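Engineer: Following this line is model.cif, made up of mmCIF, C-alpha atoms and all ligand atoms:
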```
data_upload
#
loop_
_atom_site.label_atom_id
_atom_site.label_comp_id
_atom_site.auth_asym_id
_atom_site.auth_seq_id
_atom_site.Cartn_x
_atom_site.Cartn_y
_atom_site.Cartn_z
CA MET A 16 153.07 143.52 131.04
CA ALA A 17 154.60 144.59 134.39
CA ASN A 18 155.06 140.95 135.33
CA VAL A 19 156.72 140.14 132.05
CA ARG A 20 159.10 143.07 132.53
CA LEU A 21 159.89 141.93 136.07
CA LEU A 22 160.43 138.37 134.92
CA ARG A 23 162.74 139.50 132.14
CA SER A 24 164.71 141.72 134.51
CA GLY A 25 165.02 138.73 136.85
CA LEU A 26 166.31 136.64 134.00
CA LEU A 27 168.89 139.29 133.15
CA VAL A 28 170.13 139.24 136.76
CA ALA A 29 170.26 135.44 136.68
CA LEU A 30 172.21 135.60 133.45
CA GLY A 31 174.64 138.03 135.06
CA PHE A 32 175.25 135.60 137.92
CA ALA A 33 175.69 132.69 135.54
CA VAL A 34 178.21 134.58 133.41
CA GLY A 35 179.98 135.81 136.54
CA GLY A 36 180.15 132.21 137.77
CA LEU A 37 181.68 131.07 134.51
CA PHE A 38 184.30 133.81 134.60
CA ALA A 39 185.09 133.00 138.22
CA ALA A 40 185.48 129.34 137.23
CA ILE A 41 187.79 130.23 134.34
CA SER A 42 189.94 132.72 136.27
CA GLY A 43 190.09 130.35 139.26
CA HIS A 44 191.36 127.73 136.84
CA SER A 45 194.16 129.88 135.41
CA SER A 46 195.35 131.26 138.76
CA ALA A 47 195.43 127.75 140.22
CA SER A 48 197.57 126.49 137.33
CA ALA A 49 199.77 129.62 137.45
CA GLN A 50 200.54 128.98 141.11
CA GLY A 51 201.17 125.35 140.34
CA SER A 52 199.44 124.57 143.61
CA GLY A 53 198.52 121.10 142.46
CA ALA A 54 194.90 121.71 143.46
CA VAL A 55 192.39 120.17 141.08
CA PRO A 56 191.27 123.06 138.84
CA PRO A 57 187.54 123.60 138.39
CA ALA A 58 186.25 122.12 135.15
CA PRO A 59 186.09 124.54 132.21
CA PRO A 60 182.61 125.48 130.95
CA THR A 61 180.90 122.66 129.10
CA MET A 62 178.42 122.71 126.24
CA ALA A 63 175.75 122.08 128.87
CA ASP A 64 176.77 125.34 130.59
CA VAL A 65 176.55 127.19 127.29
CA GLN A 66 173.12 125.68 126.62
CA HIS A 67 172.04 126.72 130.10
CA LEU A 68 173.09 130.33 129.39
CA LYS A 69 171.13 130.25 126.14
CA ASP A 70 168.08 128.92 127.96
CA ILE A 71 168.08 131.74 130.50
CA THR A 72 168.91 134.57 128.07
CA PRO A 73 165.95 136.95 127.78
CA PRO A 74 164.27 136.98 124.38
CA MET A 75 165.64 139.37 121.73
CA SER A 76 162.37 141.27 121.87
CA HIS A 77 163.17 142.55 125.39
CA PRO A 78 164.68 145.90 124.29
CA MET A 79 161.81 146.39 121.84
CA VAL A 80 159.29 146.15 124.67
CA ASP A 81 161.25 148.99 126.26
CA VAL A 82 161.30 150.92 122.97
CA GLY A 83 157.50 150.77 122.85
CA PHE A 84 157.27 151.83 126.51
CA ASN A 85 159.67 154.78 126.19
CA ALA A 86 158.28 155.97 122.85
CA THR A 87 154.80 156.00 124.43
CA ASN A 88 156.07 158.08 127.34
CA LEU A 89 157.79 160.43 124.90
CA TYR A 90 154.45 161.06 123.22
CA PHE A 91 152.63 161.98 126.43
CA ALA A 92 155.49 164.13 127.77
CA GLY A 93 155.33 166.00 124.43
CA GLN A 94 151.57 166.40 124.71
CA LYS A 95 152.08 168.09 128.10
CA LYS A 96 154.89 170.25 126.69
CA ASN A 97 157.19 168.87 129.38
CA TRP A 98 160.34 169.37 127.31
CA PRO A 99 163.00 168.01 129.71
CA LEU A 100 160.90 164.87 130.28
CA ALA A 101 160.29 164.47 126.54
CA ASN A 102 164.03 164.79 125.99
CA TYR A 103 164.66 162.11 128.62
CA PHE A 104 162.25 159.65 127.00
CA LEU A 105 163.64 160.43 123.55
CA ASN A 106 167.12 159.44 124.76
CA GLU A 107 165.72 156.30 126.40
CA THR A 108 163.95 155.36 123.16
CA ARG A 109 167.15 155.89 121.18
CA ASN A 110 169.27 153.84 123.60
CA ARG A 111 166.85 150.93 123.52
CA ILE A 112 166.67 150.85 119.72
CA ARG A 113 170.46 150.77 119.72
CA TRP A 114 170.45 148.00 122.32
CA GLU A 115 168.09 145.97 120.14
CA THR A 116 170.33 146.45 117.12
CA ASP A 117 173.37 145.35 119.17
CA LEU A 118 171.63 142.29 120.61
CA ASN A 119 169.60 141.21 117.64
CA SER A 120 172.31 141.60 115.07
CA GLY A 121 170.55 139.89 112.24
CA PRO A 122 166.87 138.94 112.22
CA LYS A 123 166.03 137.56 108.78
CA GLY A 124 164.92 140.17 106.27
CA THR A 125 162.33 139.71 103.53
CA ASP A 126 165.04 138.31 101.24
CA GLY A 127 165.96 135.68 103.85
CA LYS A 128 169.32 137.35 104.57
CA PRO A 129 170.20 138.92 107.95
CA LEU A 130 169.07 142.55 108.18
CA ASP A 131 171.71 145.25 108.48
CA MET A 132 170.32 146.54 111.78
CA LYS A 133 173.19 149.00 112.28
CA SER A 134 172.49 150.85 109.00
CA ILE A 135 168.77 150.97 109.79
CA PHE A 136 169.56 152.43 113.22
CA ASP A 137 171.90 155.04 111.70
CA GLY A 138 169.15 156.05 109.25
CA ILE A 139 166.65 156.59 112.07
CA ASP A 140 169.24 158.31 114.23
CA ASN A 141 169.94 160.83 111.47
CA GLY A 142 166.25 160.97 110.51
CA SER A 143 163.31 161.15 112.88
CA LEU A 144 165.37 160.97 116.09
CA THR A 145 167.32 164.09 115.08
CA GLN A 146 164.08 165.84 114.04
CA LEU A 147 162.55 165.02 117.42
CA LYS A 148 165.62 166.30 119.25
CA ASN A 149 165.43 169.59 117.31
CA ALA A 150 161.68 169.94 117.91
CA ILE A 151 162.16 169.43 121.65
CA ALA A 152 165.05 171.93 121.75
CA ALA A 153 162.88 174.46 119.90
CA LYS A 154 159.84 173.62 122.13
CA ASP A 155 157.85 173.25 118.93
CA SER A 156 154.75 171.09 119.55
CA LYS A 157 153.66 171.04 115.91
CA GLN A 158 157.08 169.91 114.71
CA LEU A 159 157.20 167.35 117.54
CA GLY A 160 153.86 165.85 116.40
CA GLU A 161 155.03 165.57 112.79
CA SER A 162 158.43 164.13 113.73
CA TYR A 163 156.74 161.62 116.02
CA LYS A 164 154.65 160.32 113.11
CA HIS A 165 157.80 160.12 111.06
CA LEU A 166 159.41 158.07 113.86
CA LEU A 167 156.51 155.58 113.82
CA GLU A 168 156.85 155.28 110.04
CA GLU A 169 160.53 154.48 110.49
CA CYS A 170 159.74 151.95 113.26
CA TYR A 171 157.34 150.27 110.89
CA SER A 172 159.74 150.18 107.97
CA CYS A 173 162.17 148.17 110.12
CA HIS A 174 159.38 145.84 111.28
CA LYS A 175 158.39 145.23 107.65
CA ALA A 176 162.01 144.69 106.64
CA ALA A 177 162.31 142.20 109.52
CA ASN A 178 159.33 140.21 108.26
CA ARG A 179 157.04 141.49 110.99
CA PRO A 180 154.49 143.59 109.09
CA TYR A 181 151.91 142.74 111.75
CA LEU A 182 153.81 144.97 114.24
CA ARG A 183 152.19 148.19 112.96
CA PRO A 184 152.67 151.09 115.42
CA GLN A 185 150.02 153.73 116.12
CA ILE A 186 149.81 156.99 118.05
CA PRO A 187 149.58 155.67 121.63
CA MET A 188 146.23 155.94 123.34
CA GLU A 189 147.27 155.66 126.96
CA ALA A 190 150.35 156.69 128.93
CA ALA A 191 152.54 153.70 129.81
CA GLN A 192 154.34 155.33 132.73
CA THR A 193 151.90 156.90 135.19
CA ILE A 194 154.06 157.09 138.31
CA ILE A 195 156.08 159.92 136.76
CA ASN A 196 154.03 163.11 136.58
CA ALA A 197 154.21 164.50 133.05
CA ASP A 198 152.71 167.86 134.13
CA PRO A 199 155.55 170.41 133.94
CA ASN A 200 153.71 172.63 136.49
CA ALA A 201 153.21 169.94 139.13
CA SER A 202 154.13 171.18 142.63
CA TRP A 203 154.27 167.93 144.61
CA PRO A 204 156.50 166.32 145.84
CA GLN A 205 158.82 169.21 146.59
C1 LIG B 1 166.20 148.26 113.55
C2 LIG B 1 164.90 147.64 113.41
C3 LIG B 1 163.79 148.09 114.31
C4 LIG B 1 163.42 149.37 114.62
C5 LIG B 1 164.04 150.65 114.16
C6 LIG B 1 162.28 149.27 115.49
N1 LIG B 1 161.97 147.97 115.72
FE1 LIG B 1 160.50 147.29 116.95
N2 LIG B 1 161.02 145.39 116.52
C7 LIG B 1 162.06 145.00 115.70
C8 LIG B 1 162.16 143.57 115.68
C9 LIG B 1 163.17 142.74 114.90
C10 LIG B 1 161.12 143.10 116.53
C11 LIG B 1 160.79 141.66 116.89
C12 LIG B 1 161.70 141.24 118.02
C13 LIG B 1 161.77 139.75 118.15
O1 LIG B 1 160.81 139.08 117.77
O2 LIG B 1 162.79 139.29 118.63
C14 LIG B 1 160.43 144.27 117.04
C15 LIG B 1 159.37 144.22 117.93
C16 LIG B 1 158.72 145.32 118.46
C17 LIG B 1 157.65 145.29 119.45
C18 LIG B 1 157.05 144.02 120.05
C19 LIG B 1 157.84 143.66 121.30
C20 LIG B 1 157.28 142.47 122.02
O3 LIG B 1 157.75 141.36 121.74
O4 LIG B 1 156.39 142.67 122.84
C21 LIG B 1 157.30 146.57 119.74
C22 LIG B 1 156.26 147.06 120.74
C23 LIG B 1 158.13 147.42 118.91
N3 LIG B 1 159.01 146.63 118.17
C24 LIG B 1 158.07 148.79 118.91
C25 LIG B 1 158.90 149.61 118.15
C26 LIG B 1 158.78 151.05 118.12
C27 LIG B 1 157.73 151.87 118.84
C28 LIG B 1 159.80 151.48 117.32
C29 LIG B 1 160.15 152.89 116.95
C30 LIG B 1 160.22 153.86 118.00
C31 LIG B 1 160.52 150.30 116.84
N4 LIG B 1 159.94 149.18 117.37
C32 LIG B 1 161.62 150.37 116.01
C33 LIG B 1 162.89 145.83 114.97
C34 LIG B 1 162.87 147.21 115.01
#
```
Rewrite the coordinates I just gave you, this time as C-alpha cells.
Structural biologist:
Amino acid sequence: MANVRLLRSGLLVALGFAVGGLFAAISGHSSASAQGSGAVPPAPPTMADVQHLKDITPPMSHPMVDVGFNATNLYFAGQKKNWPLANYFLNETRNRIRWETDLNSGPKGTDGKPLDMKSIFDGIDNGSLTQLKNAIAAKDSKQLGESYKHLLEECYSCHKAANRPYLRPQIPMEAAQTIINADPNASWPQ
C-alpha cells in the first residue's frame, strides 16, 4: 500500500516534468519564431509524446485510494473525540472525492452512459459531508457515528452506479495513519 502510494506520487512528479517539458518546448518554439532568430524551432509535441503522457498518468483510482485512507483516519479521530483532527480528515476526504470527480469525469454507469460524477458529488456534499461537519462542530459523537454510516452508504451508491458493486465499504477496523497521534490529550512532542 505504502509502496503503491509512493510509486503513484513518483508518477505524478514524472508527469509534471513531462508536461513542463512540453510547455517549455511549445513556448520555446513561439518565442523563437517571434524573434525571427532563424534558429530551428524545437519540434511540436507528437502523438508519441501524447501517448507517453498517457502511459505515465497515474490510474484514475489514485484519488479514491486517498479517499479510503482519509475516511479511515476520520473514523479513528472521531472515535478519540479529537474534533480538530476529525475536521481535518473530513476536509481531506471531501477534497479527494472532488479530485476523483474532476479527474474521472465519466466512468460508465449501469446504463452504459458516463456517470454524472459532479451531481453525485454535490449530493454527498450537501448530504453526509454536511452532516459530518455539523456533528464535528457540535462535538456530538453519536451524530458523528450515524453520519459516518450515512457517508459509507453514499460512497457505496456511487460505486454501484459506477458498476463497481464489489467495492462495498465497511466501518474501518484499523487506523490507516498511525504516525499522527489521534489522542487529543497527548503531551509529546511539545
Ligand atoms: C462520485 C462517485 C464516487 C464516490 C462518491 C466514492 N467513490 Fe470510491 N470509487 C469510485 C470509482 C469510480 C472507483 C473506481 C476507480 C477506478 O477504477 O478508476 C472507486 C474506487 C474506490 C476504492 C478502490 C481504490 C483502489 O483502486 O484501490 C476505494 C477504497 C474507494 N473507492 C473508497 C471510497 C470511499 C471510502 C468513499 C466515500 C467516503 C468513496 N469511495 C466514494 C467512485 C466513487
Engineer: With all atoms listed in the file as the basis for distance, which of A:Asn102, A:Ser172, A:Gln94, A:Asn178 is at the shortest distance from A:Lys128?
Structural biologist: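 Of the candidates, the smallest distance to A:Lys128 is held by A:Asn178.
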Engineer: Given a cut-off of 8 Å, what residues near ligand LIG 1 (chain B) show up using all atoms listed in the file, put as a ChimeraX atom specification?
Structural biologist: /A:74-84,86-87,108-109,112-113,115-116,119,122,132-133,135-136,139,166-167,169-174,176-177,179,182,184
Engineer: So how many Å separate atom CA of A:Glu168 and atom CA of A:Thr193, to one decimal?
Structural biologist: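 Separating atom CA of A:Glu168 from atom CA of A:Thr193 is a distance of 25.7 Å.
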Engineer: Out of A:Lys95, A:Asn85, A:Gln185, A:Asn141, which residue has the shortest atom-to-atom distance to A:Glu107 when counting only C-alpha atoms?
Structural biologist: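 Residue with the minimum atom-to-atom distance to A:Glu107: A:Asn85.
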Engineer: Expressed in Å to a single decimal, how great is the separation between atom CA of A:Gln205 and atom CA of A:Leu89?
Structural biologist: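 It comes out at 23.4 Å.
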Engineer: Which is closest to A:Leu130 among A:Lys175, A:Gln66, A:Pro204, A:Pro187, if we use all atoms listed in the file?
Structural biologist: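 Closest to A:Leu130 of all the choices is A:Lys175.
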Engineer: Ranking A:Ala197, A:Asp155, A:Gly127, A:His165 by minimum distance to A:Ser143 and counting only C-alpha atoms, which one comes first?
Structural biologist: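 For A:Ser143, the nearest of the given residues is A:His165.
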Engineer: Go through A:Gly138, A:Ile151, A:Lys123, A:Asp117 and flag the residue nearest A:Tyr103, using only C-alpha atoms for the distances.
Structural biologist: A:Ile151
Engineer: Using Å and a single decimal, report how far atom CA of A:Ala152 sits from atom CA of A:Ala191.
Structural biologist: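 Straight-line distance from atom CA of A:Ala191 to atom CA of A:Ala152 works out to 23.5 Å.
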Engineer: Counting only C-alpha atoms, which of A:Lys148, A:Val55, A:Asn88, A:Asp70 gets nearest to A:Met188?
Structural biologist: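 Among A:Lys148, A:Val55, A:Asn88, A:Asp70, it is A:Asn88 that comes nearest to A:Met188.
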Engineer: First collect every listed atom of stretch 115-122 of chain A; then fit an axis-aligned box around them, widen it by 3 Å on each side, and give centre and edge lengths in Å to one decimal, as lines of an AutoDock Vina configuration file.
Structural biologist:
```
center_x = 170.1
center_y = 142.7
center_z = 116.4
size_x = 12.5
size_y = 13.5
size_z = 14.4
```
Engineer: Which residues are close to A:Ala153, i.e. within 12 Å by all atoms listed in the file, leaving aside same-chain residues fewer than 4 positions away? Reply as a ChimeraX atom specification.
Structural biologist: /A:96,98-99,102,146-149,157-159
Engineer: Kindly reconstruct stretch 79-96 of chain A with N, CA, C and O atoms and present the result as a PDB file, in the frame of the given file.
Structural biologist:
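This went into rebuild.pdb:
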```
ATOM      1  N   MET A  79     162.907 145.801 122.613  1.00  0.00           N
ATOM      2  CA  MET A  79     161.810 146.390 121.840  1.00  0.00           C
ATOM      3  C   MET A  79     160.605 146.686 122.708  1.00  0.00           C
ATOM      4  O   MET A  79     159.873 147.643 122.469  1.00  0.00           O
ATOM      5  N   VAL A  80     160.379 145.856 123.736  1.00  0.00           N
ATOM      6  CA  VAL A  80     159.290 146.150 124.670  1.00  0.00           C
ATOM      7  C   VAL A  80     159.576 147.499 125.324  1.00  0.00           C
ATOM      8  O   VAL A  80     158.694 148.348 125.464  1.00  0.00           O
ATOM      9  N   ASP A  81     160.842 147.717 125.670  1.00  0.00           N
ATOM     10  CA  ASP A  81     161.250 148.990 126.260  1.00  0.00           C
ATOM     11  C   ASP A  81     161.130 150.141 125.265  1.00  0.00           C
ATOM     12  O   ASP A  81     160.800 151.267 125.649  1.00  0.00           O
ATOM     13  N   VAL A  82     161.426 149.869 123.996  1.00  0.00           N
ATOM     14  CA  VAL A  82     161.300 150.920 122.970  1.00  0.00           C
ATOM     15  C   VAL A  82     159.845 151.392 122.928  1.00  0.00           C
ATOM     16  O   VAL A  82     159.562 152.594 122.971  1.00  0.00           O
ATOM     17  N   GLY A  83     158.926 150.428 122.891  1.00  0.00           N
ATOM     18  CA  GLY A  83     157.500 150.770 122.850  1.00  0.00           C
ATOM     19  C   GLY A  83     157.103 151.590 124.077  1.00  0.00           C
ATOM     20  O   GLY A  83     156.424 152.615 123.973  1.00  0.00           O
ATOM     21  N   PHE A  84     157.587 151.164 125.240  1.00  0.00           N
ATOM     22  CA  PHE A  84     157.270 151.830 126.510  1.00  0.00           C
ATOM     23  C   PHE A  84     157.794 153.274 126.502  1.00  0.00           C
ATOM     24  O   PHE A  84     157.058 154.227 126.770  1.00  0.00           O
ATOM     25  N   ASN A  85     159.062 153.445 126.140  1.00  0.00           N
ATOM     26  CA  ASN A  85     159.670 154.780 126.190  1.00  0.00           C
ATOM     27  C   ASN A  85     159.123 155.701 125.095  1.00  0.00           C
ATOM     28  O   ASN A  85     158.957 156.899 125.323  1.00  0.00           O
ATOM     29  N   ALA A  86     158.826 155.141 123.925  1.00  0.00           N
ATOM     30  CA  ALA A  86     158.280 155.970 122.850  1.00  0.00           C
ATOM     31  C   ALA A  86     156.866 156.431 123.222  1.00  0.00           C
ATOM     32  O   ALA A  86     156.458 157.536 122.871  1.00  0.00           O
ATOM     33  N   THR A  87     156.127 155.589 123.951  1.00  0.00           N
ATOM     34  CA  THR A  87     154.800 156.000 124.430  1.00  0.00           C
ATOM     35  C   THR A  87     154.940 157.149 125.421  1.00  0.00           C
ATOM     36  O   THR A  87     154.230 158.160 125.338  1.00  0.00           O
ATOM     37  N   ASN A  88     155.871 157.017 126.344  1.00  0.00           N
ATOM     38  CA  ASN A  88     156.070 158.080 127.340  1.00  0.00           C
ATOM     39  C   ASN A  88     156.523 159.372 126.679  1.00  0.00           C
ATOM     40  O   ASN A  88     156.130 160.467 127.109  1.00  0.00           O
ATOM     41  N   LEU A  89     157.340 159.251 125.646  1.00  0.00           N
ATOM     42  CA  LEU A  89     157.790 160.430 124.900  1.00  0.00           C
ATOM     43  C   LEU A  89     156.573 161.175 124.349  1.00  0.00           C
ATOM     44  O   LEU A  89     156.475 162.396 124.451  1.00  0.00           O
ATOM     45  N   TYR A  90     155.631 160.424 123.807  1.00  0.00           N
ATOM     46  CA  TYR A  90     154.450 161.060 123.220  1.00  0.00           C
ATOM     47  C   TYR A  90     153.691 161.873 124.266  1.00  0.00           C
ATOM     48  O   TYR A  90     153.355 163.037 124.043  1.00  0.00           O
ATOM     49  N   PHE A  91     153.442 161.276 125.431  1.00  0.00           N
ATOM     50  CA  PHE A  91     152.630 161.980 126.430  1.00  0.00           C
ATOM     51  C   PHE A  91     153.393 163.133 127.088  1.00  0.00           C
ATOM     52  O   PHE A  91     152.791 164.163 127.404  1.00  0.00           O
ATOM     53  N   ALA A  92     154.707 163.002 127.238  1.00  0.00           N
ATOM     54  CA  ALA A  92     155.490 164.130 127.770  1.00  0.00           C
ATOM     55  C   ALA A  92     155.407 165.291 126.770  1.00  0.00           C
ATOM     56  O   ALA A  92     155.271 166.461 127.167  1.00  0.00           O
ATOM     57  N   GLY A  93     155.437 164.974 125.471  1.00  0.00           N
ATOM     58  CA  GLY A  93     155.330 166.000 124.430  1.00  0.00           C
ATOM     59  C   GLY A  93     153.966 166.671 124.459  1.00  0.00           C
ATOM     60  O   GLY A  93     153.856 167.894 124.335  1.00  0.00           O
ATOM     61  N   GLN A  94     152.931 165.862 124.636  1.00  0.00           N
ATOM     62  CA  GLN A  94     151.570 166.400 124.710  1.00  0.00           C
ATOM     63  C   GLN A  94     151.445 167.436 125.829  1.00  0.00           C
ATOM     64  O   GLN A  94     150.736 168.414 125.703  1.00  0.00           O
ATOM     65  N   LYS A  95     152.144 167.173 126.937  1.00  0.00           N
ATOM     66  CA  LYS A  95     152.080 168.090 128.100  1.00  0.00           C
ATOM     67  C   LYS A  95     153.108 169.205 127.992  1.00  0.00           C
ATOM     68  O   LYS A  95     153.295 169.954 128.941  1.00  0.00           O
ATOM     69  N   LYS A  96     153.834 169.237 126.879  1.00  0.00           N
ATOM     70  CA  LYS A  96     154.890 170.250 126.690  1.00  0.00           C
ATOM     71  C   LYS A  96     155.917 170.218 127.833  1.00  0.00           C
ATOM     72  O   LYS A  96     156.412 171.253 128.281  1.00  0.00           O
TER      73      LYS A  96
END
```
